[in-house]
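To keep things clear, I will list the structure first and then write my remarks on it.
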Amino acid sequence: MDAERWLEEHGDCLYRYALMRTRDSAVAEDLVQETFLAALKSKDGFLGKSGERTWLIAILKHKIIDHVRRVCRERKLLDEQSRPGESEEQFDEWRHWKIRDGFGPMEWGVDAQALLERKDFKAVLERCLSALPMRTAQAFMLREMEDQSAEEICKVLDITPTNLWVMLHRARLRLRRCIEINWLGTKREG
C-alpha cells in the first residue's frame, strides 16, 4: 500500500463521491483530505480484504456521516419539506394515483439496474438529486445509496422515523417527476 499515490489514483473518485452527497465542492475537498488523513493514521490496520479504493470510500462514508451530524448539530435546519398538500394533489380521495389527471407514475419500460450503469442517466439523476432540499437529498442518499438503516438515518439527521418516511416519500415523488421530465422527456400537465 503506497499512500503517496492515493491522491493520484483515487482522489477524483473520492471527490465525486463526496460532492454528490454533500453538494458543496469545498466540503467535498475537506472530506477527501480528512479521509486521506484518517487512512494514513490507520493504514497499518488495513488487512487487504478489499481494494484500497473500497477501503478509502468506506472511510469517506463515515466522514460524510460525521459531517452531516455536525451540520445538524451546529444549526437547526429549516424544515425543507415541500409545501403542504403537494403529494396529496397527486391522489384521489381513495388514495389512488390521479392517472387521468397526469399525476400517476408512468411505466418506464427499462431495467432500473441497467439505467444506473449509464453515465448519461447518472448525470440526470445527480441533477435531480441536487434539486432536492439538502436534508431530503441526504435522507434519500443515506437510505437508497448508502443502504443505511432508518434508525441510523434518524440519528444522523436528528429526525423522527415518521419525518424520515415523509422525506423519503417526497424525495421519490420529486425524483420520479424530475427524471420523467429530464430523462424520458415527458412534460405532464398539473
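How things are named: the first chain in the C-alpha cells is A, the next is B, and so on; residues count from 1 in each chain; ligands count from 1 in the order shown.
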Check your understanding: What lies within 10 Å of range 124-127 of chain A using only C-alpha atoms, ignoring chain neighbours under 3 positions off, as a ChimeraX atom specification?
Key -> /A:20-21,23,116,119-121,130-132,175-176,178-179,181-183
Review point. Leaving out Ser149 in chain A and any residue of its chain fewer than 6 positions from it, which residues lie within 12 Å of it when counting only C-alpha atoms, given as a ChimeraX atom specification?
Key: /A:139-143,155-156,161,164-165
Exercise for review: Using only C-alpha atoms, determine which residues lie at most 10 Å from range 59-74 of chain A, disregarding the query and same-chain residues fewer than 2 positions distant; provide the list as a PyMOL selection string.
Suggested key: chain A and resi 14-15+17-18+21-22+27-28+30-36+38-39+53-57+76-77+135+138+142+146+152-153+155-159
Study note, to complete from the structure: One decimal place gives the CA of Phe46 in chain A-CA of Asp24 in chain A separation as 29.3 Å
Exercise for review: DSSP on the backbone, then: every residue of range 46-75 of chain A marked alpha helix (DSSP H), written as a PyMOL selection string.
Suggested key: chain A and resi 52-74
Requested write-out: C-alpha atoms of the selected residues, as a PDB file, in the first residue's frame:
```
ATOM      1  CA  GLU A  52      -7.654   0.355  -1.494  1.00  0.00           C
ATOM      2  CA  ARG A  53     -10.408   2.356  -3.200  1.00  0.00           C
ATOM      3  CA  THR A  54     -13.141   0.373  -1.433  1.00  0.00           C
ATOM      4  CA  TRP A  55     -11.377   0.930   1.882  1.00  0.00           C
ATOM      5  CA  LEU A  56     -10.975   4.664   1.221  1.00  0.00           C
ATOM      6  CA  ILE A  57     -14.631   5.020   0.193  1.00  0.00           C
ATOM      7  CA  ALA A  58     -15.688   3.270   3.409  1.00  0.00           C
ATOM      8  CA  ILE A  59     -13.672   5.812   5.397  1.00  0.00           C
ATOM      9  CA  LEU A  60     -15.170   8.636   3.321  1.00  0.00           C
ATOM     10  CA  LYS A  61     -18.703   7.359   4.012  1.00  0.00           C
ATOM     11  CA  HIS A  62     -18.048   7.706   7.737  1.00  0.00           C
ATOM     12  CA  LYS A  63     -16.587  11.179   7.228  1.00  0.00           C
ATOM     13  CA  ILE A  64     -19.705  12.223   5.290  1.00  0.00           C
ATOM     14  CA  ILE A  65     -21.998  10.885   8.018  1.00  0.00           C
ATOM     15  CA  ASP A  66     -19.940  12.725  10.651  1.00  0.00           C
ATOM     16  CA  HIS A  67     -20.202  15.906   8.573  1.00  0.00           C
ATOM     17  CA  VAL A  68     -23.980  15.593   8.293  1.00  0.00           C
ATOM     18  CA  ARG A  69     -24.254  15.062  12.053  1.00  0.00           C
ATOM     19  CA  ARG A  70     -22.059  18.088  12.702  1.00  0.00           C
ATOM     20  CA  VAL A  71     -24.100  20.309  10.386  1.00  0.00           C
ATOM     21  CA  CYS A  72     -27.346  19.182  12.005  1.00  0.00           C
ATOM     22  CA  ARG A  73     -25.980  19.923  15.472  1.00  0.00           C
ATOM     23  CA  GLU A  74     -24.457  23.298  14.589  1.00  0.00           C
TER      24      GLU A  74
END
```
Exercise for review: Kindly give the distance, in Å, that separates CA of Asp147 in chain A and CA of Val166 in chain A, rounded to a single decimal.
Suggested key: 17.6 Å
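Nearest to His169 in chain A of all the residues A:Asp2, A:Ser42, A:Ala137, A:Glu117 is A:Ala137, based on only C-alpha atoms.
Taking CA of Thr136 in chain A and CA of Ala150 in chain A as the two end points, the separation is 13.5 Å.
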